[in-house]
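Here's run.cif, which has mmCIF, C-alpha atoms:
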data_entry
#
loop_
_atom_site.label_atom_id
_atom_site.label_comp_id
_atom_site.auth_asym_id
_atom_site.auth_seq_id
_atom_site.Cartn_x
_atom_site.Cartn_y
_atom_site.Cartn_z
CA LEU A 1 28.01 -4.38 -22.87
CA ALA A 2 28.11 -1.99 -25.83
CA GLU A 3 24.92 -3.42 -27.33
CA TYR A 4 23.06 -2.81 -24.06
CA GLY A 5 24.36 0.75 -23.76
CA PRO A 6 21.25 2.42 -25.28
CA PHE A 7 19.00 0.47 -22.91
CA PHE A 8 20.99 1.56 -19.86
CA LEU A 9 20.92 5.16 -21.09
CA PHE A 10 17.16 4.94 -21.65
CA PHE A 11 16.67 3.46 -18.16
CA ARG A 12 18.88 6.12 -16.57
CA ARG A 13 16.83 8.88 -18.21
CA ARG A 14 13.58 7.44 -16.90
CA LEU A 15 15.04 6.88 -13.44
CA SER A 16 16.29 10.48 -13.42
CA VAL A 17 12.76 11.71 -14.16
CA VAL A 18 11.41 9.74 -11.18
CA ILE A 19 14.15 10.99 -8.83
CA ILE A 20 13.74 14.63 -9.90
CA PHE A 21 9.97 14.42 -9.46
CA PHE A 22 10.42 12.78 -6.04
CA ILE A 23 12.76 15.55 -4.84
CA PHE A 24 10.44 18.24 -6.26
CA VAL A 25 7.44 16.85 -4.38
CA ILE A 26 9.44 16.56 -1.13
CA VAL A 27 10.65 20.16 -1.29
CA THR A 28 7.26 21.53 -2.33
CA THR A 29 5.37 19.60 0.34
CA PHE A 30 7.87 20.60 3.02
CA PHE A 31 7.32 24.31 2.35
CA LEU A 32 3.56 23.81 2.14
CA SER A 33 3.51 21.66 5.29
CA PRO A 34 2.25 24.40 7.69
CA ALA A 35 -0.90 24.84 5.60
CA LEU A 36 -1.26 21.06 5.14
CA ILE A 37 -0.87 20.42 8.88
CA ASN A 38 -3.54 23.03 9.63
CA GLN A 39 -5.86 21.33 7.15
CA MET A 40 -5.21 17.94 8.71
CA ILE A 41 -5.89 19.28 12.21
CA ASP A 42 -9.17 20.82 11.02
CA LEU A 43 -10.12 17.57 9.29
CA LEU A 44 -9.20 15.36 12.26
CA ASN A 45 -10.70 17.62 14.90
CA PHE A 46 -11.88 15.30 17.67
CA PRO A 47 -14.04 16.56 20.54
CA ASN A 48 -12.14 16.95 23.84
CA VAL A 49 -8.74 16.65 22.11
CA SER A 50 -6.01 19.27 22.08
CA TYR A 51 -2.93 18.84 19.89
CA VAL A 52 0.29 19.93 21.55
CA VAL A 53 3.96 20.34 20.66
CA ASN A 54 6.30 19.07 23.38
CA ALA A 55 9.67 19.53 21.66
CA PRO A 56 11.26 22.55 19.92
CA PHE A 57 11.70 20.96 16.48
CA GLN A 58 8.74 18.60 16.51
CA ILE A 59 6.90 20.43 13.72
CA ILE A 60 9.99 20.19 11.50
CA GLY A 61 10.08 16.42 12.05
CA LEU A 62 6.38 16.19 11.21
CA SER A 63 6.92 18.30 8.09
CA ILE A 64 9.67 15.93 6.94
CA ASP A 65 7.50 12.86 7.58
CA LEU A 66 4.60 14.47 5.73
CA ALA A 67 6.81 15.45 2.79
CA LEU A 68 8.25 11.93 2.50
CA SER A 69 4.78 10.34 2.69
CA VAL A 70 3.31 12.60 0.04
CA ALA A 71 6.36 12.14 -2.19
CA LEU A 72 6.21 8.35 -1.96
CA VAL A 73 2.48 8.25 -2.73
CA ALA A 74 2.80 10.74 -5.59
CA THR A 75 5.91 9.15 -7.12
CA ALA A 76 4.80 5.51 -6.96
CA PRO A 77 2.44 5.75 -9.99
CA LEU A 78 5.12 7.53 -12.04
CA PHE A 79 7.68 4.88 -11.04
CA PHE A 80 5.45 2.03 -12.22
CA VAL A 81 4.61 3.86 -15.44
CA GLU A 82 8.30 4.37 -16.19
CA ILE A 83 9.03 0.70 -15.48
CA TYR A 84 6.19 -0.29 -17.78
CA GLU A 85 7.42 2.02 -20.53
CA PHE A 86 10.92 0.58 -20.20
CA ILE A 87 10.03 -3.11 -20.51
CA HIS A 88 6.82 -3.13 -22.57
CA PRO A 89 8.56 -3.06 -26.01
CA ALA A 90 9.96 -6.53 -25.24
CA LEU A 91 6.60 -8.01 -24.24
CA LYS A 92 3.93 -9.80 -26.21
CA PRO A 93 0.48 -8.15 -26.47
CA SER A 94 -1.00 -10.52 -23.87
CA GLU A 95 1.95 -9.90 -21.52
CA LYS A 96 1.53 -6.14 -21.94
CA ARG A 97 -2.13 -6.39 -20.96
CA ASN A 98 -1.30 -8.53 -17.92
CA LEU A 99 1.49 -6.19 -16.81
CA LEU A 100 -0.70 -3.12 -17.22
CA ALA A 101 -3.49 -4.81 -15.24
CA LEU A 102 -1.02 -5.65 -12.45
CA VAL A 103 0.31 -2.07 -12.33
CA LEU A 104 -3.17 -0.53 -12.25
CA GLY A 105 -4.39 -3.12 -9.74
CA SER A 106 -1.41 -2.53 -7.50
CA GLY A 107 -1.97 1.22 -7.49
CA ALA A 108 -5.68 0.83 -6.82
CA LEU A 109 -5.09 -1.61 -3.94
CA PHE A 110 -2.52 0.69 -2.35
CA LEU A 111 -4.87 3.66 -2.54
CA ILE A 112 -7.77 1.63 -1.12
CA GLY A 113 -5.58 0.27 1.69
CA PHE A 114 -4.22 3.74 2.51
CA LEU A 115 -7.66 5.36 2.64
CA TYR A 116 -9.04 2.44 4.62
CA GLY A 117 -6.18 2.87 7.09
CA VAL A 118 -7.01 6.56 7.52
CA ILE A 119 -10.67 5.69 8.20
CA ILE A 120 -9.79 2.98 10.72
CA MET A 121 -7.27 5.19 12.49
CA TYR A 122 -9.78 8.06 12.66
CA TRP A 123 -12.43 5.75 14.11
CA GLY A 124 -9.98 4.21 16.59
CA TYR A 125 -8.72 7.56 17.82
CA GLU A 126 -12.26 8.86 18.12
CA VAL A 127 -13.16 5.93 20.37
CA VAL A 128 -10.03 6.47 22.48
CA ALA A 129 -10.72 10.20 22.84
CA ALA A 130 -14.32 9.56 23.95
CA PHE A 131 -13.20 6.85 26.40
CA ASN A 132 -10.58 9.14 27.98
CA ALA A 133 -13.10 11.98 28.25
CA ASN A 134 -15.55 9.69 30.05
CA LEU A 135 -12.82 9.00 32.59
CA SER A 136 -12.37 12.77 33.04
CA LEU A 137 -8.92 12.57 31.48
CA GLN A 138 -7.63 15.42 29.36
CA ASN A 139 -6.60 14.45 25.82
CA LEU A 140 -3.32 16.23 25.07
CA TRP A 141 -1.94 14.51 22.00
CA SER A 142 1.49 15.12 20.53
CA VAL A 143 0.87 16.40 17.01
CA ASP A 144 4.03 14.73 15.69
CA VAL A 145 3.31 11.28 17.17
CA PHE A 146 -0.37 11.40 16.18
CA PHE A 147 0.09 12.26 12.52
CA SER A 148 3.21 10.10 12.13
CA GLN A 149 1.28 7.07 13.41
CA LEU A 150 -1.64 7.92 11.13
CA LEU A 151 0.54 8.18 8.03
CA LEU A 152 2.70 5.14 8.88
CA THR A 153 -0.21 2.83 9.65
CA SER A 154 -2.14 3.91 6.56
CA ALA A 155 0.92 3.44 4.34
CA LEU A 156 1.63 0.00 5.81
CA LEU A 157 -1.97 -1.06 5.22
CA GLY A 158 -1.62 0.14 1.64
CA ILE A 159 1.45 -2.07 1.30
CA LEU A 160 -0.29 -5.05 2.95
CA PHE A 161 -3.16 -4.68 0.48
CA GLN A 162 -0.59 -5.51 -2.23
CA PHE A 163 -0.20 -9.15 -1.24
CA PRO A 164 -2.88 -10.43 -3.70
CA ILE A 165 -0.73 -8.98 -6.50
CA LEU A 166 2.31 -10.84 -5.17
CA ILE A 167 0.32 -14.08 -4.96
CA LEU A 168 -0.98 -13.67 -8.51
CA ILE A 169 2.59 -13.13 -9.77
CA LEU A 170 3.75 -16.29 -7.95
CA LEU A 171 0.81 -18.18 -9.47
CA GLN A 172 1.70 -16.90 -12.93
CA LEU A 173 5.31 -18.00 -12.44
CA GLU A 174 4.01 -21.36 -11.15
CA PHE A 175 5.85 -21.03 -7.84
CA LEU A 176 2.46 -21.49 -6.18
CA GLY A 177 -0.68 -23.37 -7.08
CA HIS A 178 -4.28 -23.26 -5.95
CA ILE A 179 -3.73 -26.25 -3.67
CA HIS A 180 -0.93 -24.39 -1.85
CA LEU A 181 -3.17 -21.41 -1.14
CA VAL A 182 -5.77 -23.70 0.40
CA GLU A 183 -3.17 -25.58 2.47
CA TYR A 184 -1.56 -22.39 3.78
CA ARG A 185 -4.87 -20.63 4.57
CA ARG A 186 -4.60 -20.97 8.36
CA ALA A 187 -0.97 -19.86 8.39
CA VAL A 188 -1.79 -16.83 6.23
CA ILE A 189 -4.71 -15.82 8.47
CA ALA A 190 -2.52 -16.14 11.58
CA THR A 191 0.22 -14.06 9.90
CA VAL A 192 -2.29 -11.36 8.95
CA PHE A 193 -3.46 -11.05 12.57
CA ILE A 194 0.13 -10.91 13.82
CA PHE A 195 1.10 -8.13 11.40
CA VAL A 196 -2.06 -6.13 12.07
CA ALA A 197 -1.62 -6.51 15.84
CA LEU A 198 1.69 -4.65 15.54
CA LEU A 199 -0.06 -1.60 14.09
CA PRO A 200 -1.87 1.09 16.08
CA PRO A 201 -4.60 1.36 17.27
CA THR A 202 -4.34 -1.70 19.49
CA ASP A 203 -7.97 -2.31 20.49
CA GLY A 204 -9.71 -5.53 19.46
CA LEU A 205 -12.30 -3.93 17.18
CA SER A 206 -9.66 -2.08 15.16
CA LEU A 207 -7.66 -5.31 14.93
CA LEU A 208 -10.64 -7.09 13.38
CA ALA A 209 -11.49 -4.12 11.16
CA MET A 210 -7.97 -4.14 9.68
CA ALA A 211 -7.54 -7.91 9.47
CA LEU A 212 -10.87 -8.89 7.89
CA PRO A 213 -10.37 -7.00 4.58
CA LEU A 214 -6.94 -8.60 4.18
CA ILE A 215 -8.38 -12.04 4.81
CA GLY A 216 -11.17 -11.25 2.35
CA LEU A 217 -8.59 -10.30 -0.27
CA TYR A 218 -6.80 -13.60 0.32
CA GLU A 219 -10.03 -15.57 -0.10
CA LEU A 220 -10.76 -13.64 -3.30
CA THR A 221 -7.28 -14.55 -4.55
CA VAL A 222 -7.97 -18.21 -3.74
CA MET A 223 -11.15 -18.01 -5.82
CA VAL A 224 -9.25 -16.46 -8.73
CA ALA A 225 -6.59 -19.18 -8.48
CA ARG A 226 -9.25 -21.89 -8.41
CA ARG A 227 -10.88 -20.43 -11.52
CA ARG A 228 -7.49 -20.13 -13.23
CA THR A 229 -6.68 -23.79 -12.46
CA HIS A 230 -10.07 -24.90 -13.77
CA VAL A 231 -9.57 -23.00 -17.05
CA GLN A 232 -6.07 -24.43 -17.49
CA LYS A 233 -7.38 -27.99 -16.98
CA LYS A 234 -10.05 -27.45 -19.61
CA ARG A 235 -7.49 -26.09 -22.07
CA SER A 236 -5.16 -29.06 -21.48
CA GLN A 237 -8.03 -31.51 -22.02
CA LEU A 238 -8.98 -29.79 -25.27
CA PHE A 239 -5.35 -29.87 -26.38
CA ILE A 240 -5.16 -33.63 -25.69
CA LEU A 241 -8.34 -34.23 -27.64
#
Any chance you could give the structure as structure tokens?
Amino acid sequence: LAEYGPFFLFFRRRLSVVIIFFIFVIVTTFFLSPALINQMIDLLNFPNVSYVVNAPFQIIGLSIDLALSVALVATAPLFFVEIYEFIHPALKPSEKRNLLALVLGSGALFLIGFLYGVIIMYWGYEVVAAFNANLSLQNLWSVDVFFSQLLLTSALLGILFQFPILILILLQLEFLGHIHLVEYRRAVIATVFIFVALLPPTDGLSLLAMALPLIGLYELTVMVARRRTHVQKKRSQLFIL
């Protein structure tokens, strides 16, 4: 254990940086939450919709949810950078490039999924607000429930957009092959629809709008796996020759 002591100390230092930054962002966002909530209400200002508070401490709960969401999004890149800095000295140049590509790709996919979730949720809520208004119903939406659903659904879509990275890692480790991705296509598509159906909004158009990009990402991953298998076969043939 003594020979690994410096590595544990190095890892603890980097983990401490991540934790301190995470706490700092939570505290800062919590105290800035009134201004942030006002900005969000102005940005998501639907016609015929009034945001209401129906519990004494609802705004505090929303402020906590907002602070946690912002802290997680802000800390995730730092966390991956610290992990990369910790393990990259032990990697080969090609492995460093692959790891860096995975880290950057993961961050980009999460951001794309999160923003896409915000757009879909905005569109879904806009449709619901217009439909209720046409029925002469008054839209009184709980500010806590509305924004919590928005943040949760967007974050979950950002996480779901990560599954191509997981598949590529399994391909690299040879736990999966191109043939498996083709065989499991129907099961994956069914699973995507099941997961997306559990997320708000629950109308059919939003379901398709959230599921189709995920299915497209899977098909793109299948294409990458097919290309990777083709290249590996060519290399093995050259090696035999």
What residues come out when you apply the PyMOL selection byres ((chain A and resi 58) around 12) to this file, written as a PDB file with C-alpha atoms, in the frame of the given file?
ATOM      1  CA  VAL A  52       0.290  19.930  21.550  1.00  0.00           C
ATOM      2  CA  VAL A  53       3.960  20.340  20.660  1.00  0.00           C
ATOM      3  CA  ASN A  54       6.300  19.070  23.380  1.00  0.00           C
ATOM      4  CA  ALA A  55       9.670  19.530  21.660  1.00  0.00           C
ATOM      5  CA  PRO A  56      11.260  22.550  19.920  1.00  0.00           C
ATOM      6  CA  PHE A  57      11.700  20.960  16.480  1.00  0.00           C
ATOM      7  CA  ILE A  59       6.900  20.430  13.720  1.00  0.00           C
ATOM      8  CA  ILE A  60       9.990  20.190  11.500  1.00  0.00           C
ATOM      9  CA  GLY A  61      10.080  16.420  12.050  1.00  0.00           C
ATOM     10  CA  LEU A  62       6.380  16.190  11.210  1.00  0.00           C
ATOM     11  CA  SER A  63       6.920  18.300   8.090  1.00  0.00           C
ATOM     12  CA  ILE A  64       9.670  15.930   6.940  1.00  0.00           C
ATOM     13  CA  ASP A  65       7.500  12.860   7.580  1.00  0.00           C
ATOM     14  CA  SER A 142       1.490  15.120  20.530  1.00  0.00           C
ATOM     15  CA  VAL A 143       0.870  16.400  17.010  1.00  0.00           C
ATOM     16  CA  ASP A 144       4.030  14.730  15.690  1.00  0.00           C
ATOM     17  CA  VAL A 145       3.310  11.280  17.170  1.00  0.00           C
ATOM     18  CA  PHE A 146      -0.370  11.400  16.180  1.00  0.00           C
ATOM     19  CA  PHE A 147       0.090  12.260  12.520  1.00  0.00           C
ATOM     20  CA  SER A 148       3.210  10.100  12.130  1.00  0.00           C
TER      21      SER A 148
END
Rounded to one decimal in Å, what is the spacing between CA of Ser154 (chain A) and CA of Met121 (chain A)? 7.9 Å
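Residues lying within 12 Å of Val70 (chain A), counting all atoms listed in the file and ignoring same-chain neighbours fewer than 5 positions away, are Phe21, Phe22, Ile23, Phe24, Val25, Ile26, Val27, Thr28, Thr29, Phe30, Leu32, Ser33, Leu36, Ser63, Ile64, Asp65, Thr75, Ala76, Phe114, Leu151, Leu152 and Ala155 of chain A.
What separates CA of Val188 (chain A) from CA of Gln172 (chain A) is a distance of 19.5 Å.
The space separating CA of Trp123 (chain A) from CA of Leu208 (chain A) comes to 13.0 Å.
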Please provide the set of residues having any atom within 12 Å of region 96-104 of chain A, restricted to only C-alpha atoms, with same-chain residues fewer than 3 positions apart removed, written as number ranges by chain. A: 76-93, 107-111, 162-169, 172
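If you measure from each of A:Ala129, A:Leu207, A:Ile20, A:Ile112 to Ser50 (chain A) using all atoms listed in the file, the closest one turns out to be A:Ala129.
Proximity of A:Ile120, A:Glu174, A:Val49, A:Val182 to Leu137 (chain A), computed with all atoms listed in the file, is greatest for A:Val49.
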Proximity to Asn48 (chain A) - best of A:Ala35, A:Val127, A:Leu199, A:Ala67, only C-alpha atoms: A:Val127
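Using all atoms listed in the file, the shortest contact distance between Leu150 (chain A) and any of A:Leu68, A:Val222, A:Leu115, A:Ile194 is found at A:Leu115.
In this comparison, which uses all atoms listed in the file, the residue of A:Ser136, A:Ala211, A:Val224, A:Gly124 approaching Leu160 (chain A) most closely is A:Ala211.
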Contacts of Leu181 (chain A) at 10 Å or less, counting only C-alpha atoms, minus same-chain residues fewer than 4 places along, as an MDAnalysis selection string? chainID A and resid 167 171 176:177 185:188 218:219 221:223 225:226
Would you please work out which residue, of A:Ile119, A:Leu43, A:Leu15, A:Val196, is nearest to Leu212 (chain A) when using only C-alpha atoms? A:Val196
Have region 103-129 of chain A completed to N, CA, C and O atoms, please, and pass it along as a compact mmCIF listing (two decimals), keeping the file's coordinate frame.
# COMPACT_ATOMS: atom_id res chain seq x y z
N VAL A 103 -0.11 -3.41 -12.77
CA VAL A 103 0.31 -2.07 -12.33
C VAL A 103 -0.90 -1.27 -11.84
O VAL A 103 -0.87 -0.66 -10.76
N LEU A 104 -1.97 -1.27 -12.64
CA LEU A 104 -3.17 -0.53 -12.25
C LEU A 104 -3.80 -1.13 -10.99
O LEU A 104 -4.25 -0.40 -10.10
N GLY A 105 -3.84 -2.47 -10.93
CA GLY A 105 -4.39 -3.12 -9.74
C GLY A 105 -3.59 -2.84 -8.50
O GLY A 105 -4.15 -2.61 -7.42
N SER A 106 -2.26 -2.82 -8.64
CA SER A 106 -1.41 -2.53 -7.50
C SER A 106 -1.64 -1.11 -6.98
O SER A 106 -1.77 -0.89 -5.78
N GLY A 107 -1.72 -0.16 -7.90
CA GLY A 107 -1.97 1.22 -7.49
C GLY A 107 -3.32 1.39 -6.83
O GLY A 107 -3.45 2.09 -5.82
N ALA A 108 -4.34 0.74 -7.39
CA ALA A 108 -5.68 0.83 -6.82
C ALA A 108 -5.74 0.21 -5.43
O ALA A 108 -6.34 0.77 -4.50
N LEU A 109 -5.09 -0.95 -5.26
CA LEU A 109 -5.09 -1.61 -3.94
C LEU A 109 -4.35 -0.78 -2.89
O LEU A 109 -4.77 -0.71 -1.74
N PHE A 110 -3.24 -0.16 -3.31
CA PHE A 110 -2.52 0.69 -2.35
C PHE A 110 -3.38 1.86 -1.92
O PHE A 110 -3.45 2.19 -0.73
N LEU A 111 -4.04 2.51 -2.87
CA LEU A 111 -4.87 3.66 -2.54
C LEU A 111 -6.03 3.25 -1.64
O LEU A 111 -6.34 3.93 -0.65
N ILE A 112 -6.66 2.11 -1.96
CA ILE A 112 -7.77 1.63 -1.12
C ILE A 112 -7.28 1.31 0.29
O ILE A 112 -7.92 1.68 1.28
N GLY A 113 -6.13 0.61 0.38
CA GLY A 113 -5.58 0.27 1.69
C GLY A 113 -5.21 1.50 2.49
O GLY A 113 -5.45 1.57 3.70
N PHE A 114 -4.62 2.50 1.82
CA PHE A 114 -4.22 3.74 2.51
C PHE A 114 -5.44 4.47 3.05
O PHE A 114 -5.47 4.87 4.23
N LEU A 115 -6.45 4.66 2.21
CA LEU A 115 -7.66 5.36 2.64
C LEU A 115 -8.39 4.59 3.73
O LEU A 115 -8.93 5.18 4.67
N TYR A 116 -8.40 3.27 3.59
CA TYR A 116 -9.04 2.44 4.62
C TYR A 116 -8.30 2.59 5.95
O TYR A 116 -8.92 2.65 7.02
N GLY A 117 -6.97 2.66 5.89
CA GLY A 117 -6.18 2.87 7.09
C GLY A 117 -6.49 4.19 7.76
O GLY A 117 -6.60 4.27 8.99
N VAL A 118 -6.66 5.25 6.96
CA VAL A 118 -7.01 6.56 7.52
C VAL A 118 -8.36 6.49 8.23
O VAL A 118 -8.54 7.01 9.34
N ILE A 119 -9.33 5.81 7.60
CA ILE A 119 -10.67 5.69 8.20
C ILE A 119 -10.62 4.92 9.51
O ILE A 119 -11.21 5.33 10.52
N ILE A 120 -9.89 3.79 9.51
CA ILE A 120 -9.79 2.98 10.72
C ILE A 120 -9.08 3.74 11.84
O ILE A 120 -9.49 3.71 13.01
N MET A 121 -7.99 4.43 11.48
CA MET A 121 -7.27 5.19 12.49
C MET A 121 -8.14 6.31 13.06
O MET A 121 -8.14 6.55 14.27
N TYR A 122 -8.89 6.99 12.19
CA TYR A 122 -9.78 8.06 12.66
C TYR A 122 -10.82 7.49 13.63
O TYR A 122 -11.06 8.05 14.71
N TRP A 123 -11.41 6.38 13.25
CA TRP A 123 -12.43 5.75 14.11
C TRP A 123 -11.81 5.29 15.43
O TRP A 123 -12.39 5.50 16.51
N GLY A 124 -10.63 4.68 15.37
CA GLY A 124 -9.98 4.21 16.59
C GLY A 124 -9.63 5.34 17.54
O GLY A 124 -9.87 5.25 18.75
N TYR A 125 -9.07 6.42 16.99
CA TYR A 125 -8.72 7.56 17.82
C TYR A 125 -9.95 8.24 18.39
O TYR A 125 -9.93 8.77 19.52
N GLU A 126 -11.03 8.26 17.62
CA GLU A 126 -12.26 8.86 18.12
C GLU A 126 -12.80 8.08 19.32
O GLU A 126 -13.26 8.68 20.31
N VAL A 127 -12.73 6.76 19.24
CA VAL A 127 -13.16 5.93 20.37
C VAL A 127 -12.28 6.16 21.59
O VAL A 127 -12.77 6.29 22.72
N VAL A 128 -10.96 6.24 21.37
CA VAL A 128 -10.03 6.47 22.48
C VAL A 128 -10.28 7.83 23.12
O VAL A 128 -10.29 7.96 24.36
N ALA A 129 -10.48 8.86 22.30
CA ALA A 129 -10.72 10.20 22.84
C ALA A 129 -11.99 10.23 23.68
O ALA A 129 -12.01 10.84 24.77
